[in-house]
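Shown next: structure_26.csv, given as CSV, C-alpha atoms.
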```
chain,number,residue,atom,x,y,z
B,1,MET,CA,-13.7,30.2,159.9
B,2,THR,CA,-12.9,33.7,158.5
B,3,SER,CA,-9.4,34.7,159.3
B,4,PRO,CA,-9.0,38.1,161.0
B,5,SER,CA,-6.0,38.9,158.8
B,6,SER,CA,-6.1,42.7,159.3
B,7,ARG,CA,-7.6,42.8,162.8
B,8,SER,CA,-5.4,43.7,165.8
B,9,GLY,CA,-5.6,42.3,169.3
B,10,ILE,CA,-4.2,39.9,171.9
B,11,LEU,CA,-4.6,36.1,172.1
B,12,LEU,CA,-4.1,34.2,175.3
B,13,ILE,CA,-2.7,30.8,174.6
B,14,ASP,CA,-2.2,27.8,176.8
B,15,LYS,CA,1.1,26.4,175.5
B,16,PRO,CA,1.4,22.6,175.5
B,17,PRO,CA,4.6,20.8,176.3
B,18,VAL,CA,7.3,20.0,173.7
B,19,LEU,CA,6.4,22.9,171.5
B,20,THR,CA,8.6,26.0,171.6
B,21,SER,CA,7.1,29.5,171.9
B,22,HIS,CA,8.2,30.1,168.3
B,23,ASP,CA,6.2,27.0,167.3
B,24,VAL,CA,3.1,28.5,168.9
B,25,VAL,CA,3.7,31.8,167.1
B,26,ALA,CA,4.1,30.0,163.8
B,27,ARG,CA,0.8,28.1,164.2
B,28,THR,CA,-1.0,31.2,165.3
B,29,ARG,CA,0.2,33.0,162.2
B,30,ARG,CA,-1.4,30.4,160.1
B,31,LEU,CA,-4.7,30.5,162.1
B,32,ALA,CA,-4.9,34.3,162.1
B,33,GLY,CA,-3.8,34.7,158.5
B,34,THR,CA,-1.1,37.2,159.2
B,35,ARG,CA,2.7,37.2,159.7
B,36,LYS,CA,2.5,39.9,162.3
B,37,VAL,CA,2.3,37.8,165.5
B,38,GLY,CA,4.7,38.1,168.4
B,39,HIS,CA,4.8,36.9,172.0
B,40,ALA,CA,5.5,38.4,175.4
B,41,GLY,CA,7.9,36.1,177.3
B,42,THR,CA,9.3,32.8,176.1
B,43,LEU,CA,8.5,29.4,177.7
B,44,ASP,CA,10.9,26.5,177.4
B,45,PRO,CA,9.7,23.4,175.5
B,46,LEU,CA,9.4,21.6,178.9
B,47,ALA,CA,7.0,24.3,180.2
B,48,THR,CA,3.3,24.7,179.7
B,49,GLY,CA,1.0,27.6,180.3
B,50,LEU,CA,0.2,31.1,179.5
B,51,LEU,CA,1.6,32.8,176.4
B,52,VAL,CA,0.4,36.3,175.5
B,53,LEU,CA,0.4,36.8,171.8
B,54,GLY,CA,0.0,40.1,169.9
B,55,VAL,CA,-1.6,40.1,166.5
B,56,ASN,CA,-0.9,42.8,163.9
B,57,SER,CA,-0.5,46.3,165.4
B,58,SER,CA,-1.2,44.9,168.9
B,59,THR,CA,2.4,43.5,168.9
B,60,ARG,CA,3.2,47.1,170.0
B,61,LEU,CA,1.4,46.3,173.3
B,62,LEU,CA,3.7,43.4,174.1
B,63,THR,CA,6.5,45.8,175.2
B,64,TYR,CA,4.3,46.7,178.1
B,65,VAL,CA,3.5,43.0,178.9
B,66,VAL,CA,7.0,41.5,178.9
B,67,GLY,CA,8.0,43.2,182.1
B,68,LEU,CA,5.0,42.4,184.2
B,69,ASP,CA,5.2,40.1,187.2
B,70,LYS,CA,4.6,36.4,186.6
B,71,GLU,CA,3.2,33.4,188.5
B,72,TYR,CA,4.3,29.8,188.0
B,73,GLU,CA,3.5,26.4,189.4
B,74,ALA,CA,6.5,24.1,189.3
B,75,VAL,CA,7.9,20.7,190.5
B,76,ILE,CA,11.4,20.6,191.9
B,77,ARG,CA,13.2,17.3,192.1
B,78,LEU,CA,15.7,17.1,195.0
B,79,GLY,CA,18.5,14.6,194.9
B,80,ALA,CA,20.1,15.2,191.5
B,81,SER,CA,21.7,18.0,189.6
B,82,THR,CA,21.6,18.2,185.8
B,83,THR,CA,23.6,20.1,183.1
B,84,THR,CA,20.5,22.2,182.3
B,85,ASP,CA,19.0,22.6,185.8
B,86,ASP,CA,15.9,20.8,184.4
B,87,SER,CA,14.9,17.3,183.4
B,88,GLU,CA,16.0,17.8,179.8
B,89,GLY,CA,19.7,17.8,180.8
B,90,GLU,CA,22.1,15.0,181.8
B,91,VAL,CA,22.4,14.1,185.4
B,92,ILE,CA,25.8,15.1,186.7
B,93,GLU,CA,25.5,14.3,190.4
B,94,THR,CA,23.1,12.4,192.7
B,95,ALA,CA,22.8,12.6,196.5
B,96,SER,CA,23.5,9.8,198.9
B,97,ALA,CA,20.6,8.3,200.9
B,98,ALA,CA,22.1,9.8,204.1
B,99,ALA,CA,22.1,13.3,202.6
B,100,MET,CA,18.5,12.8,201.4
B,101,ASP,CA,17.4,11.6,204.9
B,102,SER,CA,18.5,15.0,206.3
B,103,VAL,CA,16.1,16.9,204.0
B,104,ASP,CA,12.8,17.6,205.7
B,105,ASP,CA,10.0,20.0,205.1
B,106,ALA,CA,11.3,22.7,207.5
B,107,ARG,CA,14.7,22.8,205.6
B,108,ILE,CA,12.9,23.0,202.3
B,109,VAL,CA,10.7,25.9,203.4
B,110,ALA,CA,13.7,27.7,204.8
B,111,GLY,CA,15.8,27.1,201.7
B,112,LEU,CA,13.0,28.6,199.5
B,113,ALA,CA,12.4,31.5,201.9
B,114,ALA,CA,16.1,32.4,201.6
B,115,GLN,CA,15.5,33.0,197.8
B,116,THR,CA,12.6,35.4,198.3
B,117,GLY,CA,12.7,39.2,198.2
B,118,GLU,CA,15.1,41.2,196.1
B,119,VAL,CA,17.8,38.7,195.4
B,120,ARG,CA,20.8,38.1,193.1
B,121,GLN,CA,20.1,35.1,190.9
B,122,ARG,CA,22.5,33.4,188.6
B,123,PRO,CA,20.7,32.3,185.4
B,124,SER,CA,21.0,28.8,184.1
B,125,SER,CA,23.9,28.3,181.7
B,126,VAL,CA,21.4,27.2,179.0
B,127,SER,CA,19.4,30.4,179.1
B,128,ALA,CA,18.8,32.6,176.0
B,129,ILE,CA,21.0,35.3,177.4
B,130,LYS,CA,23.6,36.4,174.9
B,131,VAL,CA,27.3,36.1,175.7
B,132,ASP,CA,29.5,38.0,173.2
B,133,GLY,CA,26.7,38.0,170.7
B,134,LYS,CA,25.8,34.3,171.0
B,135,ARG,CA,23.1,32.7,173.1
B,136,ALA,CA,24.4,31.0,176.2
B,137,TYR,CA,22.6,27.7,175.4
B,138,ALA,CA,24.3,27.6,172.0
B,139,ARG,CA,27.7,28.0,173.6
B,140,VAL,CA,26.9,25.2,176.1
B,141,ARG,CA,25.7,22.9,173.3
B,142,GLY,CA,28.9,23.7,171.4
B,143,GLY,CA,30.9,22.3,174.3
B,144,GLU,CA,31.8,25.5,176.1
B,145,THR,CA,31.5,26.0,179.9
B,146,VAL,CA,29.3,29.0,180.5
B,147,VAL,CA,28.8,30.7,183.9
B,148,LEU,CA,26.6,33.7,183.7
B,149,ASP,CA,26.7,36.7,186.1
B,150,ALA,CA,24.1,36.9,188.8
B,151,ARG,CA,21.4,39.5,188.2
B,152,SER,CA,18.9,41.2,190.4
B,153,VAL,CA,15.3,39.8,190.4
B,154,THR,CA,12.4,40.1,192.8
B,155,ILE,CA,10.8,36.8,194.0
B,156,SER,CA,7.7,37.9,195.9
B,157,SER,CA,6.8,34.5,197.2
B,158,ILE,CA,7.5,30.8,196.9
B,159,ASP,CA,4.8,28.7,198.5
B,160,VAL,CA,5.2,24.9,199.0
B,161,LEU,CA,2.1,23.1,197.7
B,162,ALA,CA,3.3,19.5,198.3
B,163,SER,CA,6.5,17.7,199.3
B,164,GLU,CA,6.7,13.9,198.8
B,165,PRO,CA,9.0,11.1,197.6
B,166,SER,CA,9.1,10.9,193.8
B,167,ALA,CA,8.3,7.8,191.8
B,168,ASP,CA,11.9,6.9,192.4
B,169,PRO,CA,12.2,7.0,196.2
B,170,ALA,CA,15.8,8.1,196.0
B,171,PHE,CA,14.5,11.6,195.1
B,172,ARG,CA,12.0,14.0,196.6
B,173,ASP,CA,9.5,16.1,194.6
B,174,VAL,CA,8.5,19.6,195.9
B,175,SER,CA,5.6,21.3,194.2
B,176,VAL,CA,5.7,25.1,194.5
B,177,ARG,CA,3.9,28.3,193.5
B,178,VAL,CA,6.2,31.2,192.6
B,179,VAL,CA,5.3,34.8,192.1
B,180,CYS,CA,8.2,36.8,190.7
B,181,SER,CA,9.5,39.6,188.5
B,182,SER,CA,10.2,39.3,184.8
B,183,GLY,CA,13.7,37.8,184.3
B,184,THR,CA,13.5,35.2,187.1
B,185,TYR,CA,14.6,31.7,186.2
B,186,ILE,CA,12.5,29.0,188.0
B,187,ARG,CA,15.2,26.4,187.0
B,188,ALA,CA,17.7,28.5,189.0
B,189,ILE,CA,15.4,28.3,192.0
B,190,ALA,CA,15.4,24.5,191.8
B,191,ARG,CA,19.2,24.4,191.4
B,192,ASP,CA,19.8,26.8,194.2
B,193,LEU,CA,17.4,25.0,196.6
B,194,GLY,CA,19.3,21.7,195.9
B,195,ASP,CA,22.6,23.4,196.4
B,196,ALA,CA,21.5,24.9,199.7
B,197,LEU,CA,20.3,21.5,201.0
B,198,GLY,CA,23.4,19.8,199.8
B,199,VAL,CA,21.6,17.3,197.6
B,200,GLY,CA,21.3,18.9,194.2
B,201,GLY,CA,18.0,19.8,192.5
B,202,HIS,CA,16.5,20.4,189.1
B,203,LEU,CA,13.1,21.3,187.6
B,204,VAL,CA,10.9,18.6,186.3
B,205,ALA,CA,7.6,20.5,185.6
B,206,LEU,CA,6.8,24.1,185.0
B,207,ARG,CA,3.5,25.9,184.2
B,208,ARG,CA,3.0,29.6,183.9
B,209,THR,CA,-0.4,30.6,185.3
B,210,ARG,CA,-0.3,34.4,185.2
B,211,ILE,CA,1.4,37.3,183.5
B,212,GLY,CA,0.3,40.6,185.1
B,213,PRO,CA,-3.5,40.7,185.0
B,214,PHE,CA,-3.8,37.8,182.5
B,215,ARG,CA,-4.5,34.4,183.9
B,216,ILE,CA,-4.3,30.9,182.5
B,217,ASP,CA,-8.0,30.2,182.9
B,218,GLU,CA,-8.6,32.9,180.2
B,219,ALA,CA,-6.4,31.1,177.7
B,220,HIS,CA,-7.2,28.8,174.8
B,221,THR,CA,-5.4,25.7,173.6
B,222,LEU,CA,-4.1,25.7,170.1
B,223,GLU,CA,-6.6,23.0,169.2
B,224,GLU,CA,-9.6,25.1,170.4
B,225,VAL,CA,-8.5,28.7,169.6
B,226,GLU,CA,-10.4,30.6,166.9
B,227,PRO,CA,-8.7,34.0,166.4
B,228,GLU,CA,-11.9,35.5,164.9
B,229,ARG,CA,-13.7,34.7,168.1
B,230,ASP,CA,-11.0,34.8,170.7
B,231,LEU,CA,-9.0,37.9,169.7
B,232,VAL,CA,-9.2,40.4,172.6
B,233,ALA,CA,-9.5,44.0,171.3
B,234,PRO,CA,-6.6,46.4,171.9
B,235,ALA,CA,-8.8,48.8,173.9
B,236,THR,CA,-9.9,46.0,176.2
B,237,ILE,CA,-6.2,45.0,176.8
B,238,ALA,CA,-5.2,48.6,177.3
B,239,ASP,CA,-7.9,49.0,179.9
B,240,ARG,CA,-6.4,46.2,181.9
B,241,LEU,CA,-2.9,47.5,181.7
B,242,PHE,CA,-3.2,51.3,181.9
B,243,THR,CA,-5.4,54.1,183.2
B,244,THR,CA,-7.7,55.0,180.3
B,245,VAL,CA,-9.1,58.3,179.1
B,246,THR,CA,-12.0,58.6,176.6
B,247,LEU,CA,-11.6,61.5,174.1
B,248,ASP,CA,-14.3,63.3,172.2
B,249,ALA,CA,-14.5,63.1,168.5
B,250,GLU,CA,-12.4,66.3,167.9
B,251,GLN,CA,-9.7,65.3,170.4
B,252,ALA,CA,-9.6,61.8,168.9
B,253,ALA,CA,-9.1,63.1,165.4
B,254,ASP,CA,-6.4,65.5,166.5
B,255,LEU,CA,-4.5,62.8,168.3
B,256,ARG,CA,-4.7,60.5,165.3
B,257,ASN,CA,-3.3,63.3,163.2
B,258,GLY,CA,-0.3,63.7,165.5
B,259,LYS,CA,-1.5,66.9,167.3
B,260,ARG,CA,-1.1,67.4,171.0
B,261,VAL,CA,-4.3,67.3,172.9
B,262,ALA,CA,-5.0,69.2,176.2
B,263,LEU,CA,-6.6,67.1,178.9
B,264,ASP,CA,-7.9,68.4,182.2
B,265,ARG,CA,-6.2,65.8,184.5
B,266,PRO,CA,-3.0,65.5,186.4
B,267,ASP,CA,0.3,64.8,184.6
B,268,THR,CA,1.3,61.2,184.4
B,269,ALA,CA,4.7,59.5,184.5
B,270,GLY,CA,3.4,56.4,182.8
B,271,PRO,CA,1.2,55.7,179.8
B,272,LEU,CA,-2.4,56.6,179.5
B,273,ALA,CA,-4.6,54.7,177.0
B,274,ALA,CA,-6.5,57.1,174.8
B,275,ILE,CA,-9.8,55.7,173.7
B,276,ASP,CA,-12.1,57.2,171.0
B,277,PRO,CA,-15.9,57.7,171.2
B,278,GLU,CA,-16.3,54.3,169.4
B,279,GLY,CA,-14.3,52.5,172.0
B,280,LEU,CA,-11.2,52.0,169.9
B,281,LEU,CA,-7.7,52.4,171.2
B,282,ILE,CA,-6.1,55.5,169.6
B,283,GLY,CA,-2.7,55.2,171.3
B,284,LEU,CA,-0.7,55.4,174.4
B,285,VAL,CA,0.2,58.9,175.6
B,286,GLU,CA,1.7,60.6,178.6
B,287,LEU,CA,0.7,64.0,180.0
B,288,SER,CA,3.1,66.8,180.6
B,289,ASN,CA,1.7,70.3,181.6
B,290,GLY,CA,-1.7,68.9,180.8
B,291,THR,CA,-0.9,68.2,177.2
B,292,THR,CA,-0.5,64.8,175.6
B,293,ARG,CA,2.7,63.4,174.1
B,294,VAL,CA,2.2,60.3,172.0
B,295,LEU,CA,4.2,57.2,173.0
B,296,VAL,CA,2.7,54.9,170.4
B,297,ASN,CA,-0.3,55.2,168.1
B,298,PHE,CA,-2.5,52.3,166.8
B,299,PRO,CA,-4.3,52.2,163.5
B,300,THR,CA,-8.0,51.9,163.5
B,301,ASP,CA,-9.0,48.2,163.5
B,302,THR,CA,-10.5,46.8,160.3
B,303,VAL,CA,-12.3,43.4,159.9
B,304,SER,CA,-11.2,41.3,156.9
```
Just give me the structure as structure tokens.
Amino acid sequence: MTSPSSRSGILLIDKPPVLTSHDVVARTRRLAGTRKVGHAGTLDPLATGLLVLGVNSSTRLLTYVVGLDKEYEAVIRLGASTTTDDSEGEVIETASAAAMDSVDDARIVAGLAAQTGEVRQRPSSVSAIKVDGKRAYARVRGGETVVLDARSVTISSIDVLASEPSADPAFRDVSVRVVCSSGTYIRAIARDLGDALGVGGHLVALRRTRIGPFRIDEAHTLEEVEPERDLVAPATIADRLFTTVTLDAEQAADLRNGKRVALDRPDTAGPLAAIDPEGLLIGLVELSNGTTRVLVNFPTDTVS
């Protein structure tokens, strides 16, 4: 396989369990033959699913992917709280049989509905949020007690897919599909549902199935991915993220040389993707008074 060491583009990867997002980036660097690989949105080792990776200059597109809405499928275990709000932590409290008997599907649906909309959510203490310059999870592992401030997130929907006793009948497993804004913690949804029902809860499975327009069924596993074959061109990605405008040869040359280009179209508040006559992404621009202002430029792709 020829490595596309100087090509730019996006790879959609289906992350396996156990590996960190950094592990996936490291393996992709070796496969793609370049150090310039980054990702848009971390997944915990417990989680599986969609990672959007940028290769070479397409890492510049990741800024516009990170903030997109996301979709997850998750399994919440009711009946126990853990130190990490997921199955990787130590159990700190379990519910009585009487308390679990009071939990029915109607209460579960109502508890999840209360978490939808624009809400204030308190992130898990073992998140990657920095507290006085140090990651919260590092402080917790060092023996500190960390309680993070609640922050505003938007949870568009939480649909219950299944609700049944777990392998241990003392607990109940609730499978859900969550559509939410960037910055939402699914572990916190599990914790808060358990708290609302008075039985405790934590996350036992998590799979990210969508980031913005990118879906898990487009992704490749690390075992099957071939960057030369699977790298998605920057112009193709830009077309899915932004309104595009195709420039003529003179306009394209001017924009690449840093000149402003007049376009006969309404001004835009957000980015426009400027495409050259060969179908390559020149850069992202915004229009003011009918004239472009460059937000970010992209070098012309080359094939190694």
task = Name the residues in contact with segment 33-37 of chain B at a cut-off of 9 Å, using all atoms listed in the file, excluding same-chain residues fewer than 4 positions from it; report them as a list in words.
result = Ser3, Pro4, Ser5, Ser6, Val25, Ala26, Thr28, Arg29, Leu53, Gly54, Val55, Asn56, Ser57, Ser58 and Thr59 of chain B
task = Would you kindly return, as a ChimeraX atom specification, each protein, DNA or RNA residue with an atom no farther than 6 Å from any atom of segment 265-267 of chain B, considering all atoms listed in the file and excluding same-chain residues fewer than 6 positions away?
result = /B:287-288,290
inquiry  = Just checking: using only C-alpha atoms, which residue out of B:Glu164, B:Glu88, B:Asp254, B:Glu286 ends up closest to Pro271 of chain B?
reply    =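 For Pro271 of chain B, the nearest of the candidates is B:Glu286.
Across B:Tyr72, B:Gly79, B:Pro227, B:Ala98, the tightest approach to Asp159 of chain B is made by B:Tyr72 when counting only C-alpha atoms.
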key: Of the listed residues B:Thr236, B:Thr20, B:Thr184, B:Thr244, that which approaches Gly49 of chain B most closely, counting all atoms listed in the file   =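 Of B:Thr236, B:Thr20, B:Thr184, B:Thr244, the one nearest Gly49 of chain B, counting all atoms listed in the file, is B:Thr20.
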query = Leaving out segment 221-224 of chain B and any residue of its chain fewer than 4 positions from it, which residues lie within 7 Å of it when counting only C-alpha atoms, given as a PyMOL selection string?
reply = chain B and resi 13-15
task = Between atom CA of Gly9 of chain B and atom CA of Thr63 of chain B, measure the distance and give it in Å to one decimal.
result =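 Value for the atom CA of Gly9 of chain B-atom CA of Thr63 of chain B distance: 13.9 Å.
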Segment 159-202 of chain B residues near segment 99-106 of chain B within 9 Å, closest pair each, using only C-alpha atoms, as JSON lines:
```
{"residue": "B:Ser163", "atom": "CA", "partner": "B:Asp105", "partner_atom": "CA", "distance": 7.2}
{"residue": "B:Ala170", "atom": "CA", "partner": "B:Met100", "partner_atom": "CA", "distance": 7.7}
{"residue": "B:Phe171", "atom": "CA", "partner": "B:Met100", "partner_atom": "CA", "distance": 7.6}
{"residue": "B:Arg172", "atom": "CA", "partner": "B:Met100", "partner_atom": "CA", "distance": 8.2}
{"residue": "B:Leu197", "atom": "CA", "partner": "B:Val103", "partner_atom": "CA", "distance": 6.9}
{"residue": "B:Gly198", "atom": "CA", "partner": "B:Ala99", "partner_atom": "CA", "distance": 7.2}
{"residue": "B:Val199", "atom": "CA", "partner": "B:Ala99", "partner_atom": "CA", "distance": 6.4}
```
All residues 8 Å or closer to His202 of chain B, only C-alpha atoms, same chain fewer than 6 positions away omitted, as number ranges by chain = B: 76-78, 80-82, 85-87, 187, 190-191, 194
remark   = Arg27 of chain B proximity check over B:Val91, B:Val225, B:Ala269, B:Ala205, using all atoms listed in the file: winner is B:Val225
message = Between atom CA of Pro123 of chain B and atom CA of Gly201 of chain B, what is the distance in Å, rounded to a tenth?
response = 14.6 Å
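Comparing B:Glu90, B:Asp44, B:Glu73, B:Glu278 by their smallest distance to Ser175 of chain B, the closest is B:Glu73 (using only C-alpha atoms).
Atom pair atom CA of Pro17 of chain B / atom CA of Pro45 of chain B: separated by 5.8 Å.
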task = Find the spatial neighbours of Asn257 of chain B, counting all atoms listed in the file, within a cut-off of 12 Å - ignore same-chain residues fewer than 5 positions away - and output them as a PyMOL selection string.
result = chain B and resi 250-252+282-283+294+297-299
key: Proximity to Leu12 of chain B - best of B:Ile237, B:Leu206, B:Ile186, B:Ala150, all atoms listed in the file   = B:Ile237
Show me, as JSON, the centre and edge lengths in Å to one decimal of the axis-aligned box that covers every listed atom of segment 107-117 of chain B with 8 Å on each side.
```
{"center_x": 13.4, "center_y": 31.0, "center_z": 201.7, "size_x": 21.4, "size_y": 32.4, "size_z": 23.8}
```
Please, can segment 235-245 of chain B be completed to all heavy atoms and returned as a short mmCIF file (atom, residue, chain, number, x, y, z; two decimals), in the frame of the given file?
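Produced file out38.cif, reproduced below:
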```
data_model
loop_
_atom_site.label_atom_id
_atom_site.label_comp_id
_atom_site.auth_asym_id
_atom_site.auth_seq_id
_atom_site.Cartn_x
_atom_site.Cartn_y
_atom_site.Cartn_z
N ALA B 235 -8.29 47.92 172.88
CA ALA B 235 -8.80 48.80 173.90
C ALA B 235 -9.12 48.04 175.21
O ALA B 235 -8.90 48.55 176.31
CB ALA B 235 -10.08 49.51 173.42
N THR B 236 -9.58 46.80 175.07
CA THR B 236 -9.90 46.00 176.20
C THR B 236 -8.57 45.64 176.99
O THR B 236 -8.50 45.70 178.22
CB THR B 236 -10.58 44.68 175.83
OG1 THR B 236 -11.80 45.02 175.16
CG2 THR B 236 -10.89 43.82 177.03
N ILE B 237 -7.53 45.30 176.22
CA ILE B 237 -6.20 45.00 176.80
C ILE B 237 -5.66 46.25 177.49
O ILE B 237 -5.16 46.21 178.62
CB ILE B 237 -5.26 44.47 175.76
CG1 ILE B 237 -5.77 43.14 175.21
CG2 ILE B 237 -3.86 44.32 176.33
CD1 ILE B 237 -5.89 42.02 176.23
N ALA B 238 -5.74 47.38 176.80
CA ALA B 238 -5.20 48.60 177.30
C ALA B 238 -5.89 49.00 178.64
O ALA B 238 -5.26 49.51 179.58
CB ALA B 238 -5.34 49.75 176.32
N ASP B 239 -7.19 48.73 178.73
CA ASP B 239 -7.90 49.00 179.90
C ASP B 239 -7.45 48.21 181.13
O ASP B 239 -7.52 48.65 182.27
CB ASP B 239 -9.43 48.79 179.70
CG ASP B 239 -10.28 49.22 180.89
OD1 ASP B 239 -10.17 50.38 181.32
OD2 ASP B 239 -11.05 48.38 181.39
N ARG B 240 -6.92 47.02 180.85
CA ARG B 240 -6.40 46.20 181.90
C ARG B 240 -4.97 46.52 182.31
O ARG B 240 -4.51 46.19 183.39
CB ARG B 240 -6.49 44.69 181.50
CG ARG B 240 -7.92 44.23 181.27
CD ARG B 240 -7.99 42.79 180.83
NE ARG B 240 -7.61 41.86 181.88
CZ ARG B 240 -7.69 40.54 181.77
NH1 ARG B 240 -8.15 40.00 180.65
NH2 ARG B 240 -7.32 39.76 182.77
N LEU B 241 -4.28 47.20 181.41
CA LEU B 241 -2.90 47.50 181.70
C LEU B 241 -2.64 48.95 182.12
O LEU B 241 -1.68 49.21 182.85
CB LEU B 241 -2.06 47.29 180.38
CG LEU B 241 -1.93 45.86 179.86
CD1 LEU B 241 -1.20 45.84 178.53
CD2 LEU B 241 -1.20 44.98 180.88
N PHE B 242 -3.51 49.87 181.71
CA PHE B 242 -3.20 51.30 181.90
C PHE B 242 -4.50 52.00 182.46
O PHE B 242 -5.61 51.49 182.36
CB PHE B 242 -2.81 51.97 180.64
CG PHE B 242 -1.77 51.25 179.87
CD1 PHE B 242 -2.09 50.57 178.69
CD2 PHE B 242 -0.46 51.22 180.31
CE1 PHE B 242 -1.12 49.90 177.97
CE2 PHE B 242 0.52 50.55 179.59
CZ PHE B 242 0.19 49.88 178.42
N THR B 243 -4.30 53.21 182.95
CA THR B 243 -5.40 54.10 183.20
C THR B 243 -5.89 54.59 181.79
O THR B 243 -5.08 54.91 180.91
CB THR B 243 -4.97 55.34 183.99
OG1 THR B 243 -4.50 54.89 185.27
CG2 THR B 243 -6.12 56.32 184.18
N THR B 244 -7.19 54.60 181.57
CA THR B 244 -7.70 55.00 180.30
C THR B 244 -8.40 56.36 180.34
O THR B 244 -8.90 56.77 181.39
CB THR B 244 -8.72 53.97 179.72
OG1 THR B 244 -9.83 53.88 180.62
CG2 THR B 244 -8.08 52.61 179.58
N VAL B 245 -8.41 57.05 179.21
CA VAL B 245 -9.10 58.30 179.10
C VAL B 245 -9.86 58.30 177.77
O VAL B 245 -9.29 57.97 176.71
CB VAL B 245 -8.14 59.52 179.17
CG1 VAL B 245 -7.04 59.42 178.13
CG2 VAL B 245 -8.89 60.83 179.03
#
```
